[in-house]
>>> print(open('target.cif').read())   # mmCIF, C-alpha atoms
data_upload
#
loop_
_atom_site.label_atom_id
_atom_site.label_comp_id
_atom_site.auth_asym_id
_atom_site.auth_seq_id
_atom_site.Cartn_x
_atom_site.Cartn_y
_atom_site.Cartn_z
CA MET A 12 179.38 -14.99 -0.61
CA LYS A 13 182.80 -13.49 -1.42
CA PHE A 14 181.27 -11.57 -4.30
CA ALA A 15 178.56 -10.11 -2.02
CA VAL A 16 181.17 -8.96 0.49
CA PHE A 17 183.28 -7.46 -2.29
CA ALA A 18 180.25 -5.63 -3.72
CA THR A 19 179.43 -4.18 -0.30
CA LEU A 20 183.00 -2.99 0.23
CA LEU A 21 183.06 -1.50 -3.27
CA ALA A 22 179.85 0.44 -2.61
CA VAL A 23 181.25 1.85 0.62
CA ALA A 24 184.52 2.73 -1.09
CA CYS A 25 182.66 4.53 -3.88
CA ALA A 26 180.67 6.46 -1.28
CA VAL A 27 183.89 7.65 0.35
CA MET A 28 185.66 8.42 -2.93
CA ALA A 29 182.75 10.52 -4.15
CA THR A 30 183.12 12.93 -1.21
CA ASP A 31 186.46 14.27 -2.46
CA GLU A 32 185.18 15.18 -5.92
CA ILE A 33 182.85 18.08 -5.08
CA ASP A 34 183.45 21.28 -6.99
CA TRP A 35 181.48 23.62 -4.74
CA SER A 36 181.74 26.46 -7.24
CA LYS A 37 179.39 24.48 -9.49
CA VAL A 38 176.87 23.50 -6.80
CA ARG A 39 173.67 25.56 -6.80
CA PRO A 40 170.64 25.53 -4.52
CA VAL A 41 167.97 23.42 -6.20
CA SER A 42 165.61 26.40 -5.97
CA ARG A 43 167.96 28.41 -8.21
CA MET A 44 167.95 25.82 -10.97
CA PRO A 45 165.81 26.55 -14.06
CA GLN A 46 163.58 23.51 -13.68
CA TYR A 47 162.44 24.73 -10.25
CA TRP A 48 161.20 28.08 -11.54
CA ARG A 49 159.58 26.55 -14.61
CA ARG A 50 157.38 24.44 -12.36
CA LEU A 51 156.16 27.13 -9.95
CA PRO A 52 152.41 27.85 -10.21
CA LYS A 53 151.76 30.89 -12.43
CA GLU A 54 149.39 32.37 -9.83
CA LEU A 55 152.19 32.28 -7.25
CA LEU A 56 154.64 34.06 -9.54
CA LYS A 57 152.04 36.72 -10.45
CA GLN A 58 151.35 37.41 -6.78
CA TYR A 59 155.05 37.71 -6.05
CA LEU A 60 155.81 40.01 -8.99
CA THR A 61 152.89 42.27 -8.07
CA GLU A 62 154.17 42.67 -4.52
CA VAL A 63 157.73 43.33 -5.64
CA ARG A 64 156.58 46.04 -8.06
CA ASN A 65 154.67 47.74 -5.24
CA MET A 66 157.62 47.69 -2.83
CA PRO A 67 159.76 50.79 -2.23
CA SER A 68 163.01 50.59 -4.17
CA SER A 69 164.97 50.85 -0.92
CA ALA A 70 163.33 47.68 0.36
CA ARG A 71 164.09 45.74 -2.82
CA GLY A 72 167.82 46.34 -2.43
CA ASN A 73 168.01 45.51 1.26
CA SER A 74 171.24 43.61 1.75
CA ARG A 75 171.17 42.89 5.46
CA ILE A 76 171.78 39.37 6.70
CA VAL A 77 168.45 37.64 7.19
CA ASN A 78 167.76 37.82 10.91
CA GLY A 79 169.09 34.44 11.87
CA TYR A 80 172.07 33.00 13.66
CA ILE A 81 175.13 30.87 13.02
CA ALA A 82 174.56 27.46 14.58
CA GLN A 83 176.91 26.21 17.25
CA PRO A 84 178.77 22.99 16.36
CA GLY A 85 176.46 20.07 17.13
CA GLN A 86 173.42 22.28 17.79
CA PHE A 87 171.41 20.55 15.05
CA PRO A 88 172.74 16.98 14.89
CA TYR A 89 169.83 15.87 12.72
CA GLN A 90 170.60 18.40 9.96
CA ILE A 91 172.09 17.15 6.70
CA ALA A 92 173.19 18.75 3.45
CA LEU A 93 172.02 16.87 0.40
CA LEU A 94 173.68 17.11 -3.02
CA SER A 95 171.60 15.79 -5.92
CA ASN A 96 173.11 14.93 -9.30
CA MET A 97 170.82 16.46 -11.92
CA ALA A 98 170.92 17.20 -15.62
CA GLY A 99 171.77 20.84 -14.93
CA GLY A 100 174.51 20.05 -12.41
CA GLN A 101 174.55 19.42 -8.68
CA GLY A 102 171.72 20.86 -6.62
CA LEU A 103 172.00 21.69 -2.91
CA CYS A 104 169.19 20.97 -0.46
CA GLY A 105 168.76 20.31 3.21
CA GLY A 106 167.18 17.40 5.01
CA SER A 107 167.03 15.59 8.31
CA VAL A 108 168.23 12.29 9.70
CA LEU A 109 165.38 9.81 10.13
CA THR A 110 167.40 6.68 10.93
CA ALA A 111 170.86 5.31 10.22
CA ASN A 112 169.64 4.33 6.74
CA TYR A 113 167.24 7.11 5.76
CA VAL A 114 166.97 10.88 5.51
CA LEU A 115 163.88 13.03 4.98
CA THR A 116 163.80 15.83 2.39
CA ALA A 117 161.55 17.55 -0.17
CA ALA A 118 160.42 15.77 -3.31
CA HIS A 119 161.56 18.70 -5.48
CA CYS A 120 165.11 18.13 -4.18
CA VAL A 121 165.40 14.63 -5.60
CA ASP A 122 162.64 14.03 -8.15
CA THR A 123 165.04 14.37 -11.09
CA ALA A 124 168.17 13.19 -9.28
CA THR A 125 170.21 10.27 -10.59
CA GLY A 126 171.96 9.92 -7.23
CA GLY A 127 173.96 12.13 -4.95
CA LEU A 128 175.54 12.60 -1.58
CA VAL A 129 174.35 13.12 2.00
CA ILE A 130 176.63 15.16 4.28
CA TYR A 131 176.08 14.49 7.98
CA GLY A 132 177.40 16.32 11.04
CA ALA A 133 178.64 19.38 9.15
CA GLN A 134 179.21 22.83 10.59
CA ASP A 135 180.91 23.88 7.33
CA ARG A 136 179.52 21.72 4.53
CA THR A 137 182.53 22.45 2.30
CA ASN A 138 185.11 21.24 4.82
CA ALA A 139 185.48 17.48 4.41
CA ALA A 140 188.24 17.56 7.06
CA GLU A 141 185.80 18.37 9.86
CA PRO A 142 186.15 15.53 12.39
CA SER A 143 182.36 15.38 12.88
CA GLN A 144 181.53 15.21 9.17
CA VAL A 145 180.47 12.03 7.38
CA ARG A 146 179.61 11.80 3.68
CA ILE A 147 177.62 8.90 2.24
CA ALA A 148 176.29 8.48 -1.29
CA PHE A 149 172.76 7.66 -2.32
CA GLU A 150 171.49 6.12 -5.55
CA GLN A 151 168.41 6.81 -7.63
CA ALA A 152 166.97 3.49 -6.51
CA GLY A 153 167.04 4.74 -2.92
CA ILE A 154 164.76 7.72 -3.60
CA ARG A 155 161.11 7.43 -2.56
CA LEU A 156 158.84 10.25 -3.74
CA HIS A 157 155.34 10.64 -2.40
CA PRO A 158 153.06 9.12 -5.09
CA ASN A 159 150.89 12.27 -5.12
CA TRP A 160 153.83 14.65 -5.57
CA ASN A 161 152.69 17.35 -7.98
CA PRO A 162 155.50 19.72 -9.03
CA ALA A 163 153.12 22.00 -10.95
CA LEU A 164 151.14 22.72 -7.77
CA ILE A 165 153.94 22.05 -5.24
CA ARG A 166 151.80 19.57 -3.33
CA TYR A 167 152.90 16.47 -1.41
CA ASP A 168 156.45 17.80 -1.58
CA ILE A 169 158.12 15.12 0.53
CA ALA A 170 160.58 12.27 -0.05
CA THR A 171 162.74 9.78 1.79
CA VAL A 172 166.23 8.82 0.64
CA ARG A 173 168.12 5.67 1.59
CA VAL A 174 171.91 5.98 1.70
CA VAL A 175 174.12 3.18 0.36
CA SER A 176 175.50 2.35 3.82
CA PRO A 177 174.19 3.21 7.30
CA VAL A 178 175.64 6.19 9.12
CA THR A 179 177.05 5.73 12.61
CA PHE A 180 175.43 7.99 15.18
CA THR A 181 177.68 10.30 17.18
CA ALA A 182 177.17 13.32 19.41
CA ARG A 183 176.86 15.40 16.22
CA ILE A 184 174.86 12.95 14.11
CA GLN A 185 171.50 12.02 15.61
CA PRO A 186 168.00 11.27 14.27
CA VAL A 187 165.26 13.86 14.59
CA THR A 188 162.03 13.04 16.44
CA LEU A 189 158.87 12.90 14.35
CA PRO A 190 155.50 13.99 15.77
CA ARG A 191 153.37 11.43 17.53
CA LEU A 192 150.41 9.89 15.74
CA SER A 193 148.25 11.63 18.34
CA ASP A 194 149.54 14.98 16.99
CA VAL A 195 147.66 14.52 13.70
CA GLY A 196 145.15 17.36 13.37
CA HIS A 197 147.09 19.77 15.60
CA ASP A 198 147.99 23.00 13.75
CA PHE A 199 150.78 24.11 16.16
CA ALA A 200 149.98 27.76 15.34
CA GLY A 201 151.60 30.26 17.69
CA LEU A 202 154.47 28.00 18.71
CA ILE A 203 158.00 29.16 17.92
CA GLY A 204 159.45 27.14 15.07
CA THR A 205 163.09 26.77 14.11
CA VAL A 206 164.40 26.36 10.57
CA SER A 207 168.02 25.35 10.02
CA GLY A 208 170.04 24.94 6.86
CA PHE A 209 172.83 25.98 4.54
CA GLY A 210 170.73 28.30 2.39
CA ARG A 211 171.46 31.88 1.32
CA PHE A 212 171.48 34.24 4.29
CA ALA A 213 170.55 37.41 2.37
CA ASP A 214 168.78 38.19 -0.89
CA SER A 215 171.90 40.05 -2.03
CA VAL A 216 174.14 37.02 -1.52
CA PRO A 217 173.92 34.63 -4.52
CA GLU A 218 175.66 31.65 -2.92
CA ALA A 219 174.34 29.33 -0.26
CA SER A 220 175.98 29.53 3.15
CA HIS A 221 178.94 27.28 3.85
CA ILE A 222 178.08 27.45 7.55
CA LEU A 223 174.95 26.02 9.16
CA ARG A 224 172.49 28.74 10.20
CA TYR A 225 169.05 28.92 11.77
CA VAL A 226 166.10 31.24 12.39
CA ASN A 227 163.22 31.28 14.88
CA ASN A 228 159.74 32.63 14.14
CA PRO A 229 156.12 31.85 15.06
CA ILE A 230 154.21 29.17 13.21
CA GLN A 231 151.22 30.64 11.36
CA THR A 232 147.74 29.34 10.81
CA ASN A 233 147.17 28.09 7.28
CA LEU A 234 144.48 30.74 6.90
CA ALA A 235 146.97 33.56 7.55
CA CYS A 236 149.51 31.91 5.25
CA SER A 237 147.00 31.60 2.41
CA VAL A 238 146.72 35.40 2.24
CA ARG A 239 150.21 35.39 0.73
CA PHE A 240 149.66 32.22 -1.28
CA PRO A 241 145.99 32.28 -2.33
CA GLY A 242 144.76 28.96 -3.63
CA VAL A 243 148.09 27.27 -2.99
CA ILE A 244 148.18 26.42 0.73
CA GLN A 245 146.71 23.01 1.51
CA PRO A 246 145.98 21.16 4.78
CA GLU A 247 149.20 19.20 4.11
CA ASN A 248 151.21 22.43 4.48
CA ILE A 249 152.44 24.27 7.56
CA CYS A 250 153.81 27.83 7.48
CA LEU A 251 156.36 29.85 9.41
CA SER A 252 155.90 33.60 9.66
CA GLY A 253 158.31 35.71 7.62
CA ASP A 254 158.16 38.67 10.03
CA SER A 255 161.32 40.80 10.23
CA GLY A 256 162.67 39.12 7.10
CA ARG A 257 163.30 35.84 8.91
CA GLY A 258 162.71 32.53 7.20
CA ALA A 259 164.04 29.80 4.99
CA CYS A 260 166.14 30.88 2.03
CA GLN A 261 167.44 29.24 -1.13
CA GLY A 262 169.40 26.11 -0.36
CA ASP A 263 167.25 25.37 2.67
CA SER A 264 164.80 23.34 0.56
CA GLY A 265 164.08 19.97 2.15
CA GLY A 266 165.35 21.09 5.54
CA PRO A 267 163.51 20.72 8.85
CA LEU A 268 161.05 22.96 10.66
CA THR A 269 161.19 21.96 14.32
CA ILE A 270 159.85 22.82 17.76
CA GLN A 271 161.08 21.94 21.23
CA ARG A 272 158.76 19.71 23.26
CA ASP A 273 159.45 17.79 26.45
CA GLY A 274 163.19 18.03 25.92
CA HIS A 275 163.00 16.70 22.35
CA THR A 276 163.36 18.38 18.96
CA VAL A 277 160.24 17.49 16.97
CA GLN A 278 160.13 17.99 13.19
CA LEU A 279 156.84 19.51 12.07
CA GLY A 280 157.75 20.39 8.49
CA VAL A 281 159.98 19.95 5.45
CA VAL A 282 160.93 23.19 3.62
CA SER A 283 158.91 23.29 0.41
CA PHE A 284 158.50 26.79 -1.08
CA GLY A 285 158.32 30.51 -0.44
CA LEU A 286 162.10 30.64 -0.11
CA ALA A 287 162.78 31.22 -3.82
CA LEU A 288 160.72 34.40 -3.85
CA GLY A 289 162.94 36.61 -1.72
CA CYS A 290 164.09 35.74 1.75
CA GLU A 291 163.77 39.23 3.18
CA LEU A 292 160.35 40.21 1.84
CA ASN A 293 158.42 39.05 4.93
CA TRP A 294 156.84 36.19 2.99
CA PRO A 295 156.07 33.06 4.99
CA SER A 296 158.13 29.93 4.45
CA VAL A 297 155.94 26.99 3.48
CA PHE A 298 156.59 23.39 4.49
CA ALA A 299 155.17 19.93 3.94
CA ARG A 300 153.40 19.16 7.23
CA THR A 301 154.93 15.97 8.65
CA THR A 302 151.81 15.03 10.63
CA SER A 303 150.03 14.63 7.29
CA PHE A 304 152.62 12.11 6.11
CA LEU A 305 153.57 10.04 9.16
CA GLN A 306 152.21 6.75 7.85
CA TRP A 307 153.78 7.32 4.44
CA ILE A 308 157.17 8.16 5.99
CA ALA A 309 157.04 4.99 8.08
CA ALA A 310 156.11 2.88 5.04
CA ASN A 311 159.00 4.33 3.04
CA SER A 312 161.75 4.13 5.65
CA ASP A 313 162.59 2.07 8.72
CA VAL A 314 161.56 4.74 11.25
CA VAL A 315 159.26 3.68 14.10
CA LEU A 316 156.37 6.01 14.84
CA GLN A 317 155.28 7.03 18.33
CA GLN A 318 151.69 6.87 19.48
#
>>> encode(input="target.cif", output="structure tokens")
Amino acid sequence: MKFAVFATLLAVACAVMATDEIDWSKVRPVSRMPQYWRRLPKELLKQYLTEVRNMPSSARGNSRIVNGYIAQPGQFPYQIALLSNMAGGQGLCGGSVLTANYVLTAAHCVDTATGGLVIYGAQDRTNAAEPSQVRIAFEQAGIRLHPNWNPALIRYDIATVRVVSPVTFTARIQPVTLPRLSDVGHDFAGLIGTVSGFGRFADSVPEASHILRYVNNPIQTNLACSVRFPGVIQPENICLSGDSGRGACQGDSGGPLTIQRDGHTVQLGVVSFGLALGCELNWPSVFARTTSFLQWIAANSDVVLQQ
């Protein structure tokens, strides 16, 4: 019994100690790491390169801030930053709070991770002194990838991660609401979706944002989205319009796409791809559609689904 208590305390202590050892200069968005690009479908890269070549040179160099906003402290209490320990260094992703024990993110954020760190309640992810911020480690054993995850086709890009000790909910750390089971089959097209995260806020800025940001844009039909990504978009995806250069950008991988409904923030998607190909090129952002994975999420976490 004493040994079990000691082991628990040691795990918690290690989780706390790990938070002070981050060299942010060496942290890169997962979507800027070589293994991410190597796995993108060749058809997707060809489509992207063709469009870039046909763009006016003035548009390619556009350095404006992507048309989003800086989040207010506590505006997105379900948002997390996720650092994954990988062979090429530490990769930065986003994610959302499911329960005190679990977070939801993209499979490509953690499929090669040996462990890492979840940062909760952050306005500035690099500032460990923020009173609202909590940092808790996760281990490789706590990662659950969807069994059909296919990195070569970017399909079933969803994962849950269990942290080594439960987080305590506060005003700035709260779980997100998942769709109801009765929402399965609804495409949500035309509704205004919100994407939040710590990703790059302009194509000309190489680093991910220290500060939490967000954008709002309409949700597209999958048919409209497939024009940009022919042969890639599946029923398990949901897309956000990239109009006016707004959308998810590198570092936002794994983060939430949400809508407001009946006073609740409902997560419809998990950032999957589109973001690596230029944030200001009016390309849609593509997400794993949470309504397609509700039963799997419940089976691989301790979240309770709503009817």
>>> axis_aligned_box(input="target.cif", around="segment 221-232 of chain A", padding_each_side="8 Å", output="lines of an AutoDock Vina configuration file")
center_x = 163.3
center_y = 29.3
center_z = 9.5
size_x = 47.2
size_y = 22.6
size_z = 27.2
>>> resolve_selection(input="target.cif", expression="the PyMOL selection byres ((chain A and resi 251) around 10)", output="PyMOL selection string")
chain A and resi 200-206+227-233+236+249-250+252-254+257-259+268+280+282+294-298
>>> resolve_selection(input="target.cif", expression="the PyMOL selection byres ((chain A and resi 190) around 10)", output="JSON, numbers by chain")
{"A": [187, 188, 189, 191, 192, 193, 194, 195, 269, 272, 276, 277, 278, 279, 280, 301, 302, 305, 316, 317, 318]}
>>> closest_residue(input="target.cif", among="A:Asn138, A:Ser176, A:Ser107, A:Ser312", to="Pro267 of chain A", atoms="all atoms listed in the file")
A:Ser107
>>> atom_distance(input="target.cif", atom1="atom CA of Leu156 of chain A", atom2="atom CA of Phe209 of chain A")
22.6 Å
>>> closest_residue(input="target.cif", among="A:Gln151, A:Thr116, A:Thr137, A:Gln144", to="Asn96 of chain A", atoms="all atoms listed in the file")
A:Gln151
>>> atom_distance(input="target.cif", atom1="atom CA of Ile308 of chain A", atom2="atom CA of Gly153 of chain A")
13.7 Å
>>> atom_distance(input="target.cif", atom1="atom CA of Ser207 of chain A", atom2="atom CA of Gln245 of chain A")
23.1 Å
>>> resolve_selection(input="target.cif", expression="the PyMOL selection byres ((chain A and resi 88) around 6)", output="list of chain:residue names")
A:Gly85, A:Phe87, A:Tyr89, A:Gln90, A:Arg183, A:Ile184, A:Gln185
>>> closest_residue(input="target.cif", among="A:Val226, A:Arg166, A:Tyr80, A:Pro177", to="Ile270 of chain A", atoms="all atoms listed in the file")
A:Val226
>>> closest_residue(input="target.cif", among="A:Ile244, A:Asn293, A:Asp263, A:Val281", to="Ser220 of chain A", atoms="only C-alpha atoms")
A:Asp263
>>> closest_residue(input="target.cif", among="A:Asn159, A:Leu164, A:Gly196, A:Leu128", to="Gly242 of chain A", atoms="only C-alpha atoms")
A:Leu164
>>> residues_near_point(input="target.cif", point="(153.3, 21.6, -2.7)", cutoff="9 Å", atoms="all atoms listed in the file", output="PyMOL selection string")
chain A and resi 160-169+243-245+247-248+283-284+297-299
>>> closest_residue(input="target.cif", among="A:Ser264, A:Gln83, A:Gln306, A:Thr125", to="Cys104 of chain A", atoms="only C-alpha atoms")
A:Ser264
>>> residues_near_point(input="target.cif", point="(163.7, -0.1, 8.4)", cutoff="12 Å", atoms="only C-alpha atoms", output="ChimeraX atom specification")
/A:109-114,171,173,177,308-316
>>> write_last_selection(input="target.cif", atoms="C-alpha atoms", output="tab-separated table (two decimals), in the coordinates of the input")
chain	number	residue	atom	x	y	z
A	109	LEU	CA	165.38	9.81	10.13
A	110	THR	CA	167.40	6.68	10.93
A	111	ALA	CA	170.86	5.31	10.22
A	112	ASN	CA	169.64	4.33	6.74
A	113	TYR	CA	167.24	7.11	5.76
A	114	VAL	CA	166.97	10.88	5.51
A	171	THR	CA	162.74	9.78	1.79
A	173	ARG	CA	168.12	5.67	1.59
A	177	PRO	CA	174.19	3.21	7.30
A	308	ILE	CA	157.17	8.16	5.99
A	309	ALA	CA	157.04	4.99	8.08
A	310	ALA	CA	156.11	2.88	5.04
A	311	ASN	CA	159.00	4.33	3.04
A	312	SER	CA	161.75	4.13	5.65
A	313	ASP	CA	162.59	2.07	8.72
A	314	VAL	CA	161.56	4.74	11.25
A	315	VAL	CA	159.26	3.68	14.10
A	316	LEU	CA	156.37	6.01	14.84
>>> build_atoms(input="target.cif", residues="segment 123-134 of chain A", atoms="all heavy atoms", output="CSV table (one decimal), in the coordinates of the input")
chain,number,residue,atom,x,y,z
A,123,THR,N,164.3,14.6,-9.8
A,123,THR,CA,165.0,14.4,-11.1
A,123,THR,C,166.5,13.9,-10.9
A,123,THR,O,167.3,13.9,-11.8
A,123,THR,CB,165.0,15.6,-12.0
A,123,THR,OG1,165.7,16.7,-11.3
A,123,THR,CG2,163.6,16.1,-12.3
A,124,ALA,N,166.8,13.6,-9.6
A,124,ALA,CA,168.2,13.2,-9.3
A,124,ALA,C,168.5,11.8,-9.8
A,124,ALA,O,167.6,10.9,-9.7
A,124,ALA,CB,168.4,13.3,-7.8
A,125,THR,N,169.7,11.6,-10.2
A,125,THR,CA,170.2,10.3,-10.6
A,125,THR,C,171.0,9.6,-9.5
A,125,THR,O,171.6,8.6,-9.6
A,125,THR,CB,171.1,10.4,-11.9
A,125,THR,OG1,172.2,11.3,-11.6
A,125,THR,CG2,170.2,10.9,-13.0
A,126,GLY,N,171.1,10.3,-8.4
A,126,GLY,CA,172.0,9.9,-7.2
A,126,GLY,C,172.5,11.2,-6.6
A,126,GLY,O,172.1,12.3,-6.9
A,127,GLY,N,173.4,11.0,-5.6
A,127,GLY,CA,174.0,12.1,-5.0
A,127,GLY,C,174.7,11.8,-3.7
A,127,GLY,O,175.2,10.6,-3.5
A,128,LEU,N,174.7,12.7,-2.8
A,128,LEU,CA,175.5,12.6,-1.6
A,128,LEU,C,174.8,13.2,-0.4
A,128,LEU,O,174.2,14.3,-0.5
A,128,LEU,CB,176.9,13.3,-1.8
A,128,LEU,CG,178.0,13.1,-0.8
A,128,LEU,CD1,178.5,11.6,-0.9
A,128,LEU,CD2,179.1,14.1,-1.0
A,129,VAL,N,174.9,12.6,0.7
A,129,VAL,CA,174.4,13.1,2.0
A,129,VAL,C,175.5,13.5,2.9
A,129,VAL,O,176.4,12.6,3.1
A,129,VAL,CB,173.4,12.1,2.7
A,129,VAL,CG1,173.0,12.7,4.1
A,129,VAL,CG2,172.2,11.8,1.9
A,130,ILE,N,175.6,14.7,3.4
A,130,ILE,CA,176.6,15.2,4.3
A,130,ILE,C,176.0,15.3,5.7
A,130,ILE,O,175.2,16.1,5.9
A,130,ILE,CB,177.2,16.5,3.8
A,130,ILE,CG1,177.7,16.4,2.4
A,130,ILE,CG2,178.3,16.9,4.7
A,130,ILE,CD1,178.3,17.7,1.8
A,131,TYR,N,176.5,14.5,6.6
A,131,TYR,CA,176.1,14.5,8.0
A,131,TYR,C,177.1,15.2,8.9
A,131,TYR,O,178.3,15.3,8.6
A,131,TYR,CB,176.0,13.1,8.5
A,131,TYR,CG,175.1,12.1,7.8
A,131,TYR,CD1,175.5,11.4,6.7
A,131,TYR,CD2,173.8,11.9,8.3
A,131,TYR,CE1,174.7,10.5,6.1
A,131,TYR,CE2,173.0,10.9,7.7
A,131,TYR,CZ,173.4,10.2,6.6
A,131,TYR,OH,172.6,9.3,6.0
A,132,GLY,N,176.5,15.8,10.0
A,132,GLY,CA,177.4,16.3,11.0
A,132,GLY,C,178.2,17.5,10.7
A,132,GLY,O,179.2,17.8,11.3
A,133,ALA,N,177.8,18.3,9.7
A,133,ALA,CA,178.6,19.4,9.2
A,133,ALA,C,178.3,20.7,9.8
A,133,ALA,O,177.1,21.0,10.0
A,133,ALA,CB,178.5,19.5,7.6
A,134,GLN,N,179.3,21.4,10.2
A,134,GLN,CA,179.2,22.8,10.6
A,134,GLN,C,179.5,23.7,9.4
A,134,GLN,O,178.8,24.6,9.1
A,134,GLN,CB,180.2,23.2,11.7
A,134,GLN,CG,180.3,24.6,12.1
A,134,GLN,CD,179.0,25.1,12.8
A,134,GLN,OE1,178.1,24.3,13.1
A,134,GLN,NE2,178.9,26.4,13.1
